[in-house]
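As stored in run21.pdb (PDB, C-alpha atoms, pLDDT in the B column):
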ATOM      1  CA  MET A  51       0.000   0.000   0.000  1.00 79.00           C
ATOM      2  CA  THR A  52       1.008   3.653   0.090  1.00 93.00           C
ATOM      3  CA  TYR A  53       0.574   6.884   1.971  1.00 97.00           C
ATOM      4  CA  CYS A  54       0.721   9.999  -0.211  1.00 98.00           C
ATOM      5  CA  LEU A  55      -0.670  13.353   0.927  1.00 98.00           C
ATOM      6  CA  GLY A  56      -1.135  16.709  -0.779  1.00 98.00           C
ATOM      7  CA  ILE A  57      -2.362  19.799   1.094  1.00 98.00           C
ATOM      8  CA  LYS A  58      -3.304  23.005  -0.706  1.00 98.00           C
ATOM      9  CA  LEU A  59      -2.905  26.157   1.383  1.00 98.00           C
ATOM     10  CA  LYS A  60      -3.395  29.845   0.763  1.00 98.00           C
ATOM     11  CA  SER A  61       0.366  30.335   1.074  1.00 98.00           C
ATOM     12  CA  GLY A  62       1.430  27.285  -0.958  1.00 98.00           C
ATOM     13  CA  PHE A  63       1.239  23.532  -0.631  1.00 98.00           C
ATOM     14  CA  VAL A  64       2.933  20.600   1.097  1.00 98.00           C
ATOM     15  CA  GLY A  65       3.186  16.933   0.253  1.00 98.00           C
ATOM     16  CA  ILE A  66       4.332  13.763   1.988  1.00 98.00           C
ATOM     17  CA  ALA A  67       4.984  10.357   0.407  1.00 98.00           C
ATOM     18  CA  ASP A  68       6.191   7.188   2.079  1.00 98.00           C
ATOM     19  CA  THR A  69       8.580   4.841   0.266  1.00 97.00           C
ATOM     20  CA  ARG A  70       7.495   1.329   1.238  1.00 94.00           C
ATOM     21  CA  ILE A  71       6.645  -1.059  -1.593  1.00 90.00           C
ATOM     22  CA  THR A  72       4.823  -4.271  -0.663  1.00 80.00           C
ATOM     23  CA  SER A  73       4.719  -7.271  -2.988  1.00 74.00           C
ATOM     24  CA  GLY A  74       3.257 -10.354  -1.359  1.00 70.00           C
ATOM     25  CA  THR A  75       5.391 -11.009   1.709  1.00 74.00           C
ATOM     26  CA  GLU A  76       8.324  -8.915   0.459  1.00 81.00           C
ATOM     27  CA  THR A  77       8.906  -5.212   1.126  1.00 85.00           C
ATOM     28  CA  THR A  78      11.254  -2.812  -0.637  1.00 91.00           C
ATOM     29  CA  LYS A  79      11.742   0.946  -0.829  1.00 93.00           C
ATOM     30  CA  ALA A  80      11.112   3.184  -3.827  1.00 93.00           C
ATOM     31  CA  LYS A  81      10.510   6.854  -4.503  1.00 95.00           C
ATOM     32  CA  LYS A  82       6.851   7.724  -5.122  1.00 97.00           C
ATOM     33  CA  VAL A  83       7.150  11.421  -5.937  1.00 98.00           C
ATOM     34  CA  PHE A  84       8.365  12.921  -9.227  1.00 97.00           C
ATOM     35  CA  THR A  85       9.109  16.654  -9.431  1.00 97.00           C
ATOM     36  CA  VAL A  86       9.763  19.144 -12.212  1.00 95.00           C
ATOM     37  CA  ASN A  87      11.318  22.551 -11.496  1.00 94.00           C
ATOM     38  CA  LYS A  88      11.902  25.038 -14.297  1.00 90.00           C
ATOM     39  CA  LYS A  89      11.540  28.769 -14.762  1.00 89.00           C
ATOM     40  CA  LYS A  90       7.853  29.663 -14.220  1.00 91.00           C
ATOM     41  CA  HIS A  91       7.139  25.964 -14.279  1.00 93.00           C
ATOM     42  CA  SER A  92       6.967  23.708 -11.222  1.00 96.00           C
ATOM     43  CA  PHE A  93       4.908  20.614 -10.445  1.00 97.00           C
ATOM     44  CA  PHE A  94       4.966  17.172  -8.792  1.00 98.00           C
ATOM     45  CA  ILE A  95       3.318  13.779  -9.267  1.00 98.00           C
ATOM     46  CA  MET A  96       2.715  11.291  -6.440  1.00 98.00           C
ATOM     47  CA  THR A  97       1.322   7.844  -7.190  1.00 97.00           C
ATOM     48  CA  SER A  98      -0.353   4.919  -5.449  1.00 96.00           C
ATOM     49  CA  GLY A  99      -1.014   1.608  -7.143  1.00 93.00           C
ATOM     50  CA  LEU A 100       0.786  -1.061  -9.148  1.00 92.00           C
ATOM     51  CA  ARG A 101       4.465  -0.177  -9.457  1.00 92.00           C
ATOM     52  CA  SER A 102       4.701  -1.465 -13.028  1.00 93.00           C
ATOM     53  CA  VAL A 103       1.819   0.752 -14.134  1.00 95.00           C
ATOM     54  CA  ARG A 104       3.341   3.754 -12.383  1.00 96.00           C
ATOM     55  CA  ASP A 105       6.767   3.236 -13.970  1.00 96.00           C
ATOM     56  CA  LYS A 106       5.374   2.782 -17.472  1.00 97.00           C
ATOM     57  CA  SER A 107       3.053   5.799 -17.243  1.00 98.00           C
ATOM     58  CA  LEU A 108       5.823   8.033 -15.892  1.00 97.00           C
ATOM     59  CA  THR A 109       8.318   6.842 -18.505  1.00 97.00           C
ATOM     60  CA  TYR A 110       5.888   7.741 -21.260  1.00 97.00           C
ATOM     61  CA  PHE A 111       5.140  11.072 -19.589  1.00 97.00           C
ATOM     62  CA  LYS A 112       8.817  11.980 -19.279  1.00 95.00           C
ATOM     63  CA  GLU A 113       9.131  11.585 -23.037  1.00 95.00           C
ATOM     64  CA  ILE A 114       6.187  13.947 -23.487  1.00 94.00           C
ATOM     65  CA  ILE A 115       7.868  16.485 -21.195  1.00 91.00           C
ATOM     66  CA  GLU A 116      11.104  16.304 -23.190  1.00 89.00           C
ATOM     67  CA  LYS A 117       9.248  17.034 -26.431  1.00 87.00           C
ATOM     68  CA  ASN A 118       6.399  19.327 -25.368  1.00 82.00           C
ATOM     69  CA  ASP A 119       7.204  20.700 -21.938  1.00 75.00           C
ATOM     70  CA  GLU A 120       7.281  24.320 -23.092  1.00 76.00           C
ATOM     71  CA  SER A 121       3.693  24.010 -24.345  1.00 83.00           C
ATOM     72  CA  PHE A 122       2.469  23.305 -20.822  1.00 92.00           C
ATOM     73  CA  ASN A 123       1.451  26.776 -19.661  1.00 94.00           C
ATOM     74  CA  LYS A 124      -1.222  25.643 -17.169  1.00 96.00           C
ATOM     75  CA  LEU A 125      -1.153  22.741 -14.763  1.00 97.00           C
ATOM     76  CA  TYR A 126      -4.354  21.105 -16.016  1.00 97.00           C
ATOM     77  CA  ILE A 127      -2.668  20.667 -19.419  1.00 96.00           C
ATOM     78  CA  ALA A 128       0.145  18.706 -17.777  1.00 96.00           C
ATOM     79  CA  VAL A 129      -2.464  16.696 -15.827  1.00 98.00           C
ATOM     80  CA  ASN A 130      -4.266  15.841 -19.054  1.00 97.00           C
ATOM     81  CA  ALA A 131      -0.978  14.828 -20.676  1.00 97.00           C
ATOM     82  CA  PHE A 132      -0.168  12.458 -17.802  1.00 97.00           C
ATOM     83  CA  SER A 133      -3.736  11.165 -17.886  1.00 98.00           C
ATOM     84  CA  ASP A 134      -3.262  10.239 -21.550  1.00 98.00           C
ATOM     85  CA  GLN A 135      -0.205   8.169 -20.637  1.00 98.00           C
ATOM     86  CA  VAL A 136      -2.100   6.393 -17.840  1.00 98.00           C
ATOM     87  CA  LYS A 137      -4.807   5.527 -20.378  1.00 97.00           C
ATOM     88  CA  ARG A 138      -2.116   4.340 -22.789  1.00 97.00           C
ATOM     89  CA  ALA A 139      -0.671   2.039 -20.133  1.00 97.00           C
ATOM     90  CA  ALA A 140      -4.172   0.781 -19.357  1.00 97.00           C
ATOM     91  CA  TYR A 141      -4.801   0.020 -23.037  1.00 97.00           C
ATOM     92  CA  GLU A 142      -1.555  -1.945 -23.230  1.00 97.00           C
ATOM     93  CA  ASP A 143      -1.635  -3.796 -19.900  1.00 96.00           C
ATOM     94  CA  LYS A 144      -5.183  -3.952 -18.523  1.00 94.00           C
ATOM     95  CA  ASN A 145      -6.157  -7.271 -20.095  1.00 95.00           C
ATOM     96  CA  SER A 146      -2.911  -9.045 -19.247  1.00 96.00           C
ATOM     97  CA  LEU A 147      -3.104  -7.810 -15.664  1.00 95.00           C
ATOM     98  CA  LYS A 148      -6.674  -9.064 -15.430  1.00 94.00           C
ATOM     99  CA  GLU A 149      -5.609 -12.500 -16.678  1.00 95.00           C
ATOM    100  CA  ALA A 150      -2.996 -12.552 -13.900  1.00 93.00           C
ATOM    101  CA  GLY A 151      -5.643 -11.725 -11.300  1.00 93.00           C
ATOM    102  CA  LEU A 152      -4.564  -8.100 -10.898  1.00 92.00           C
ATOM    103  CA  CYS A 153      -6.539  -4.879 -11.287  1.00 93.00           C
ATOM    104  CA  PHE A 154      -5.212  -1.919 -13.240  1.00 94.00           C
ATOM    105  CA  ASN A 155      -4.738   0.567 -10.435  1.00 93.00           C
ATOM    106  CA  LEU A 156      -2.992   3.940 -10.358  1.00 96.00           C
ATOM    107  CA  PHE A 157      -4.162   6.937  -8.335  1.00 98.00           C
ATOM    108  CA  SER A 158      -2.129  10.130  -8.601  1.00 98.00           C
ATOM    109  CA  ILE A 159      -1.823  13.460  -6.832  1.00 98.00           C
ATOM    110  CA  ILE A 160      -0.552  16.185  -9.149  1.00 98.00           C
ATOM    111  CA  GLY A 161       0.204  19.652  -7.828  1.00 98.00           C
ATOM    112  CA  GLY A 162       2.082  22.739  -8.889  1.00 98.00           C
ATOM    113  CA  GLN A 163       1.941  26.065 -10.661  1.00 98.00           C
ATOM    114  CA  LEU A 164       2.760  26.859 -14.282  1.00 97.00           C
ATOM    115  CA  GLN A 165       3.342  30.263 -15.825  1.00 95.00           C
ATOM    116  CA  ASP A 166      -0.280  31.064 -16.723  1.00 97.00           C
ATOM    117  CA  ASP A 167      -1.899  29.596 -13.601  1.00 97.00           C
ATOM    118  CA  ASP A 168      -3.374  32.317 -11.399  1.00 96.00           C
ATOM    119  CA  GLU A 169      -2.426  30.224  -8.361  1.00 97.00           C
ATOM    120  CA  HIS A 170      -0.944  26.886  -7.334  1.00 98.00           C
ATOM    121  CA  LYS A 171      -3.277  23.903  -7.729  1.00 98.00           C
ATOM    122  CA  ILE A 172      -3.598  20.245  -6.716  1.00 98.00           C
ATOM    123  CA  TYR A 173      -5.491  17.555  -8.658  1.00 98.00           C
ATOM    124  CA  LEU A 174      -6.497  13.980  -7.870  1.00 98.00           C
ATOM    125  CA  LEU A 175      -6.223  11.740 -10.934  1.00 98.00           C
ATOM    126  CA  TYR A 176      -8.169   8.459 -11.012  1.00 98.00           C
ATOM    127  CA  PRO A 177      -7.056   5.220 -12.772  1.00 96.00           C
ATOM    128  CA  GLU A 178      -9.666   5.833 -15.479  1.00 96.00           C
ATOM    129  CA  GLY A 179      -7.912   9.094 -16.399  1.00 96.00           C
ATOM    130  CA  ASN A 180     -10.517  11.555 -15.079  1.00 98.00           C
ATOM    131  CA  TRP A 181      -9.622  14.037 -12.361  1.00 98.00           C
ATOM    132  CA  ILE A 182     -10.937  16.461  -9.761  1.00 98.00           C
ATOM    133  CA  GLU A 183      -9.358  19.622  -8.367  1.00 98.00           C
ATOM    134  CA  VAL A 184      -8.667  19.989  -4.650  1.00 98.00           C
ATOM    135  CA  THR A 185     -10.567  23.054  -3.435  1.00 96.00           C
ATOM    136  CA  ASP A 186     -10.223  25.551  -0.596  1.00 96.00           C
ATOM    137  CA  GLY A 187     -13.168  23.991   1.236  1.00 95.00           C
ATOM    138  CA  SER A 188     -11.553  20.555   1.315  1.00 96.00           C
ATOM    139  CA  PRO A 189      -7.859  21.393   1.013  1.00 98.00           C
ATOM    140  CA  PHE A 190      -6.151  18.007   1.205  1.00 98.00           C
ATOM    141  CA  VAL A 191      -6.188  14.625  -0.490  1.00 98.00           C
ATOM    142  CA  ILE A 192      -4.684  11.246   0.478  1.00 98.00           C
ATOM    143  CA  ILE A 193      -4.102   8.298  -1.819  1.00 98.00           C
ATOM    144  CA  GLY A 194      -3.281   4.805  -0.622  1.00 96.00           C
ATOM    145  CA  ASN A 195      -3.942   4.015   3.017  1.00 95.00           C
ATOM    146  CA  SER A 196      -6.099   6.964   4.022  1.00 94.00           C
ATOM    147  CA  GLY A 197      -8.253   5.727   6.898  1.00 94.00           C
ATOM    148  CA  TYR A 198      -5.873   6.096   9.826  1.00 97.00           C
ATOM    149  CA  GLY A 199      -4.431   9.553   9.179  1.00 97.00           C
ATOM    150  CA  LYS A 200      -7.409  11.409   7.727  1.00 97.00           C
ATOM    151  CA  PRO A 201      -9.166  12.218  11.067  1.00 97.00           C
ATOM    152  CA  ILE A 202      -6.149  14.242  12.242  1.00 97.00           C
ATOM    153  CA  LEU A 203      -6.245  16.372   9.102  1.00 98.00           C
ATOM    154  CA  ASP A 204     -10.032  16.725   9.220  1.00 98.00           C
ATOM    155  CA  ARG A 205      -9.737  18.217  12.708  1.00 97.00           C
ATOM    156  CA  ALA A 206      -6.677  20.394  12.114  1.00 98.00           C
ATOM    157  CA  ILE A 207      -6.171  21.555   8.532  1.00 98.00           C
ATOM    158  CA  THR A 208      -7.813  24.569   6.904  1.00 98.00           C
ATOM    159  CA  TYR A 209      -6.956  26.489   3.754  1.00 98.00           C
ATOM    160  CA  ASP A 210      -5.521  29.267   5.955  1.00 98.00           C
ATOM    161  CA  SER A 211      -3.155  26.951   7.850  1.00 98.00           C
ATOM    162  CA  THR A 212       0.523  27.835   7.577  1.00 98.00           C
ATOM    163  CA  ILE A 213       2.988  25.634   5.730  1.00 98.00           C
ATOM    164  CA  LYS A 214       4.727  24.750   9.013  1.00 98.00           C
ATOM    165  CA  PHE A 215       1.436  23.802  10.684  1.00 98.00           C
ATOM    166  CA  ALA A 216       0.401  21.723   7.677  1.00 98.00           C
ATOM    167  CA  LEU A 217       3.726  19.879   7.740  1.00 98.00           C
ATOM    168  CA  LYS A 218       3.311  19.050  11.428  1.00 98.00           C
ATOM    169  CA  ALA A 219      -0.266  17.844  10.946  1.00 98.00           C
ATOM    170  CA  GLY A 220       0.742  15.953   7.815  1.00 98.00           C
ATOM    171  CA  PHE A 221       3.546  14.172   9.632  1.00 98.00           C
ATOM    172  CA  LEU A 222       1.203  13.147  12.468  1.00 98.00           C
ATOM    173  CA  SER A 223      -1.218  11.834   9.857  1.00 98.00           C
ATOM    174  CA  PHE A 224       1.550   9.751   8.291  1.00 98.00           C
ATOM    175  CA  ASP A 225       2.736   8.603  11.719  1.00 98.00           C
ATOM    176  CA  ALA A 226      -0.759   7.417  12.688  1.00 97.00           C
ATOM    177  CA  THR A 227      -0.897   5.451   9.438  1.00 98.00           C
ATOM    178  CA  ARG A 228       2.587   3.992   9.926  1.00 97.00           C
ATOM    179  CA  ILE A 229       1.735   2.755  13.420  1.00 95.00           C
ATOM    180  CA  SER A 230      -1.552   1.157  12.363  1.00 95.00           C
ATOM    181  CA  ALA A 231      -0.612  -0.234   8.937  1.00 93.00           C
ATOM    182  CA  ASN A 232       2.433  -2.399   8.232  1.00 88.00           C
ATOM    183  CA  ASP A 233       2.498  -1.446   4.544  1.00 91.00           C
ATOM    184  CA  VAL A 234       3.430   2.225   5.154  1.00 96.00           C
ATOM    185  CA  ASP A 235       6.829   3.220   6.507  1.00 95.00           C
ATOM    186  CA  TYR A 236       9.930   5.413   6.421  1.00 97.00           C
ATOM    187  CA  PRO A 237      11.774   7.007   4.838  1.00 97.00           C
ATOM    188  CA  ILE A 238       9.368   9.745   3.742  1.00 98.00           C
ATOM    189  CA  ASP A 239       9.801  12.322   0.989  1.00 98.00           C
ATOM    190  CA  VAL A 240       8.499  15.764   1.936  1.00 98.00           C
ATOM    191  CA  ILE A 241       7.868  18.616  -0.494  1.00 98.00           C
ATOM    192  CA  THR A 242       6.949  22.251   0.105  1.00 98.00           C
ATOM    193  CA  TYR A 243       5.992  25.060  -2.246  1.00 98.00           C
ATOM    194  CA  GLU A 244       5.464  28.765  -1.584  1.00 98.00           C
ATOM    195  CA  LYS A 245       2.907  30.561  -3.732  1.00 97.00           C
ATOM    196  CA  ASP A 246       4.313  32.060  -6.963  1.00 97.00           C
ATOM    197  CA  SER A 247       7.840  30.821  -6.210  1.00 97.00           C
ATOM    198  CA  PHE A 248       7.932  28.249  -9.048  1.00 97.00           C
ATOM    199  CA  GLN A 249      10.305  26.168  -6.947  1.00 97.00           C
ATOM    200  CA  ILE A 250       9.385  22.932  -5.152  1.00 98.00           C
ATOM    201  CA  ILE A 251      11.685  22.092  -2.251  1.00 98.00           C
ATOM    202  CA  GLU A 252      12.151  18.395  -1.521  1.00 98.00           C
ATOM    203  CA  LYS A 253      13.751  16.554   1.400  1.00 98.00           C
ATOM    204  CA  ARG A 254      13.887  12.919   2.531  1.00 98.00           C
ATOM    205  CA  TYR A 255      13.545  12.065   6.228  1.00 98.00           C
ATOM    206  CA  GLU A 256      14.711   8.823   7.821  1.00 98.00           C
ATOM    207  CA  ALA A 257      13.013   7.309  10.872  1.00 97.00           C
ATOM    208  CA  ASN A 258      15.737   8.388  13.303  1.00 98.00           C
ATOM    209  CA  GLU A 259      15.294  12.044  12.298  1.00 98.00           C
ATOM    210  CA  LEU A 260      11.623  12.134  13.338  1.00 98.00           C
ATOM    211  CA  GLU A 261      11.514   9.525  16.102  1.00 97.00           C
ATOM    212  CA  LYS A 262      11.694  12.219  18.794  1.00 98.00           C
ATOM    213  CA  ILE A 263       8.639  14.001  17.358  1.00 98.00           C
ATOM    214  CA  SER A 264       6.690  10.753  17.208  1.00 97.00           C
ATOM    215  CA  LYS A 265       7.435   9.904  20.846  1.00 97.00           C
ATOM    216  CA  LEU A 266       6.622  13.442  21.952  1.00 98.00           C
ATOM    217  CA  TRP A 267       3.232  13.184  20.226  1.00 97.00           C
ATOM    218  CA  ASP A 268       2.579   9.854  21.954  1.00 97.00           C
ATOM    219  CA  ASN A 269       3.187  11.498  25.337  1.00 98.00           C
ATOM    220  CA  ILE A 270       1.110  14.573  24.507  1.00 97.00           C
ATOM    221  CA  LEU A 271      -1.794  12.436  23.316  1.00 96.00           C
ATOM    222  CA  SER A 272      -1.675  10.178  26.374  1.00 97.00           C
ATOM    223  CA  ASP A 273      -1.531  13.148  28.774  1.00 97.00           C
ATOM    224  CA  SER A 274      -4.377  14.898  26.953  1.00 97.00           C
ATOM    225  CA  ILE A 275      -6.595  11.824  27.310  1.00 97.00           C
ATOM    226  CA  LYS A 276      -5.801  11.634  31.014  1.00 97.00           C
ATOM    227  CA  ASN A 277      -6.731  15.320  31.439  1.00 97.00           C
ATOM    228  CA  LEU A 278     -10.097  15.107  29.692  1.00 96.00           C
ATOM    229  CA  PRO A 279     -13.128  15.767  31.964  1.00 95.00           C
ATOM    230  CA  GLU A 280     -14.474  12.601  33.575  1.00 94.00           C
ATOM    231  CA  ASP A 281     -17.806  13.741  35.011  1.00 93.00           C
ATOM    232  CA  TRP A 282     -19.673  12.124  32.113  1.00 93.00           C
ATOM    233  CA  ILE A 283     -17.957   8.818  32.974  1.00 93.00           C
ATOM    234  CA  ASP A 284     -18.703   9.192  36.692  1.00 91.00           C
ATOM    235  CA  THR A 285     -22.433   9.352  35.968  1.00 89.00           C
ATOM    236  CA  LEU A 286     -22.091   5.980  34.249  1.00 90.00           C
ATOM    237  CA  LEU A 287     -19.918   4.278  36.869  1.00 91.00           C
ATOM    238  CA  ASP A 288     -22.023   5.642  39.755  1.00 85.00           C
ATOM    239  CA  HIS A 289     -25.348   4.561  38.239  1.00 73.00           C
ATOM    240  CA  PRO A 290     -27.773   3.015  40.839  1.00 68.00           C
ATOM    241  CA  HIS A 291     -27.794  -0.213  38.877  1.00 65.00           C
ATOM    242  CA  ARG A 292     -24.050  -0.515  39.432  1.00 57.00           C
ATOM    243  CA  GLU A 293     -24.554   0.012  43.188  1.00 55.00           C
ATOM    244  CA  GLY A 294     -27.025  -2.892  43.203  1.00 55.00           C
ATOM    245  CA  GLU A 295     -24.462  -5.070  41.474  1.00 56.00           C
ATOM    246  CA  LYS A 296     -21.913  -4.198  44.153  1.00 54.00           C
ATOM    247  CA  GLU A 297     -24.332  -5.201  46.956  1.00 55.00           C
ATOM    248  CA  ILE A 298     -25.130  -8.539  45.295  1.00 54.00           C
ATOM    249  CA  HIS A 299     -21.445  -9.212  44.769  1.00 54.00           C
ATOM    250  CA  GLN A 300     -20.623  -8.443  48.397  1.00 56.00           C
ATOM    251  CA  SER A 301     -23.433 -10.701  49.690  1.00 57.00           C
ATOM    252  CA  GLN A 302     -22.145 -13.596  47.600  1.00 58.00           C
ATOM    253  CA  HIS A 303     -18.634 -13.162  48.950  1.00 57.00           C
ATOM    254  CA  PRO A 304     -18.839 -12.397  52.702  1.00 56.00           C
TER     255      PRO A 304
END

Could you take the file, read its structure, and then write that structure out as structure tokens?
Amino acid sequence: MTYCLGIKLKSGFVGIADTRITSGTETTKAKKVFTVNKKKHSFFIMTSGLRSVRDKSLTYFKEIIEKNDESFNKLYIAVNAFSDQVKRAAYEDKNSLKEAGLCFNLFSIIGGQLQDDDEHKIYLLYPEGNWIEVTDGSPFVIIGNSGYGKPILDRAITYDSTIKFALKAGFLSFDATRISANDVDYPIDVITYEKDSFQIIEKRYEANELEKISKLWDNILSDSIKNLPEDWIDTLLDHPHREGEKEIHQSQHP
């Protein structure tokens, strides 16, 4: 499985991608984010799904970039171009994958800003080649294993969040997924982008670099639970029915 996250903010965007690849009982590591940085031209692609489909689609897309990159003046044009290569891979491989008992599967997060875009954008591309744009009202998207980390982002992230805050919340979302799912793990690739900068910054973090943050969050969470009000629990534990149970129990065991 995979954990890939893209968060669109008023001031820019952030992204996080794990690197674990699971194939049956074997696990390996591989990069899941592809970035392009040129003058007035900056975008990334994160993927979740069959590795073979991802590699073929990206290989085809890189050839398109080499030949037609300068014609991409808005991000949706680049998204459509990558979508065409996903469809091409599906046309070539879908039937053979089906015969092998596999499903053609490639979800992608594509974000960036090109010279004629009025702002930075993030898109979610489906295996069928259609896409949706991430909006201010729902400013993040996860592909892969999304169930464990999404509640943290739902509670914390807004379009007006800062890049630093989004990175902290994003890491905690990844960490919750890593703890609960054995198919998501370090190292993680983190990207940041400031509005109108046309420059994506990328850094890889190993487990030992963020272990302290993870343990600190564990302690904070545990302490916060301990400090929550308990009066609503007391009304349950002190219910008259419970008192009757205590009396019966004491009479049976003098």

**Asked** Nearest to A:Asp210 among A:Glu149, A:Asp186, A:Asp143, A:Asp167, with distances taken over all atoms listed in the file: which residue is it?
**Response** A:Asp186

**Message:** Env of A:Gly65: 12 Å cut, atoms = all atoms listed in the file, seq-sep filter 4 positions within chain, self excluded. Answer as a ChimeraX atom specification.
**Reply:** /A:53-59,82-85,93-97,159-162,172,189-193,213-214,216-221,223-224,238-243,250-254

**Prompt:** How far is it from atom CA of A:Tyr110 to atom CA of A:Lys81, in Å with one decimal?
**Reply:**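 Atom CA of A:Tyr110 sits 17.4 Å away from atom CA of A:Lys81.
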
**Fill in**
Using all atoms listed in the file, the shortest atom-to-atom distance to A:Met51 among A:Leu152, A:Val86, A:Ile283, A:Val234 belongs to A:Val234

**Item:** Selection as a PyMOL selection string: residues within 12 Å of (6.3, 12.9, 20.1), counting only C-alpha atoms
**Value:** chain A and resi 218+221-222+225-226+259-273

**Item:** For A:Lys89, the nearest of the candidates A:Ala150, A:Ala257, A:Leu164, A:Ala231, counting all atoms listed in the file
**Value:**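 Checking each candidate against A:Lys89, we get A:Leu164 as the closest.
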
**Request:** Apply the PyMOL selection byres ((chain A and resi 71) around 12) to the structure shown and report the selected residues as a PyMOL selection string.
**Result:** chain A and resi 51-53+67-70+72-82+97-102+194+232-237

**Request:** Can you work out which one of A:Glu120, A:Pro201, A:Lys171, A:Gly187 has the shortest atom-to-atom distance to A:His91, counting only C-alpha atoms?
**Result:** A:Glu120

**Pick from A:Ser274, A:Asn130, A:Gln135, A:Ser92 nearest to A:Asp246, counting only C-alpha atoms** = A:Ser92

**Item:** Atom-to-atom span, atom CA of A:Gly179 and atom CA of A:Phe154, Å
**Value:**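 Pair atom CA of A:Gly179 / atom CA of A:Phe154 returns 11.8 Å.
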
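With only C-alpha atoms as the atoms that count, the residue of A:Val64, A:Leu108, A:Lys90, A:Arg138 with the shortest distance to A:Asp166 is A:Lys90.
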
**d(atom CA of A:Asn118, atom CA of A:Ala131) in Å** =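 Computing it gives 9.8 Å between the two atoms.
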
**Request:** Please write as JSON, numbers by chain the full residue list that the PyMOL selection byres ((chain A and resi 245) around 9) yields on this file.
**Result:** {"A": [59, 60, 61, 62, 63, 163, 169, 170, 243, 244, 246, 247, 248]}
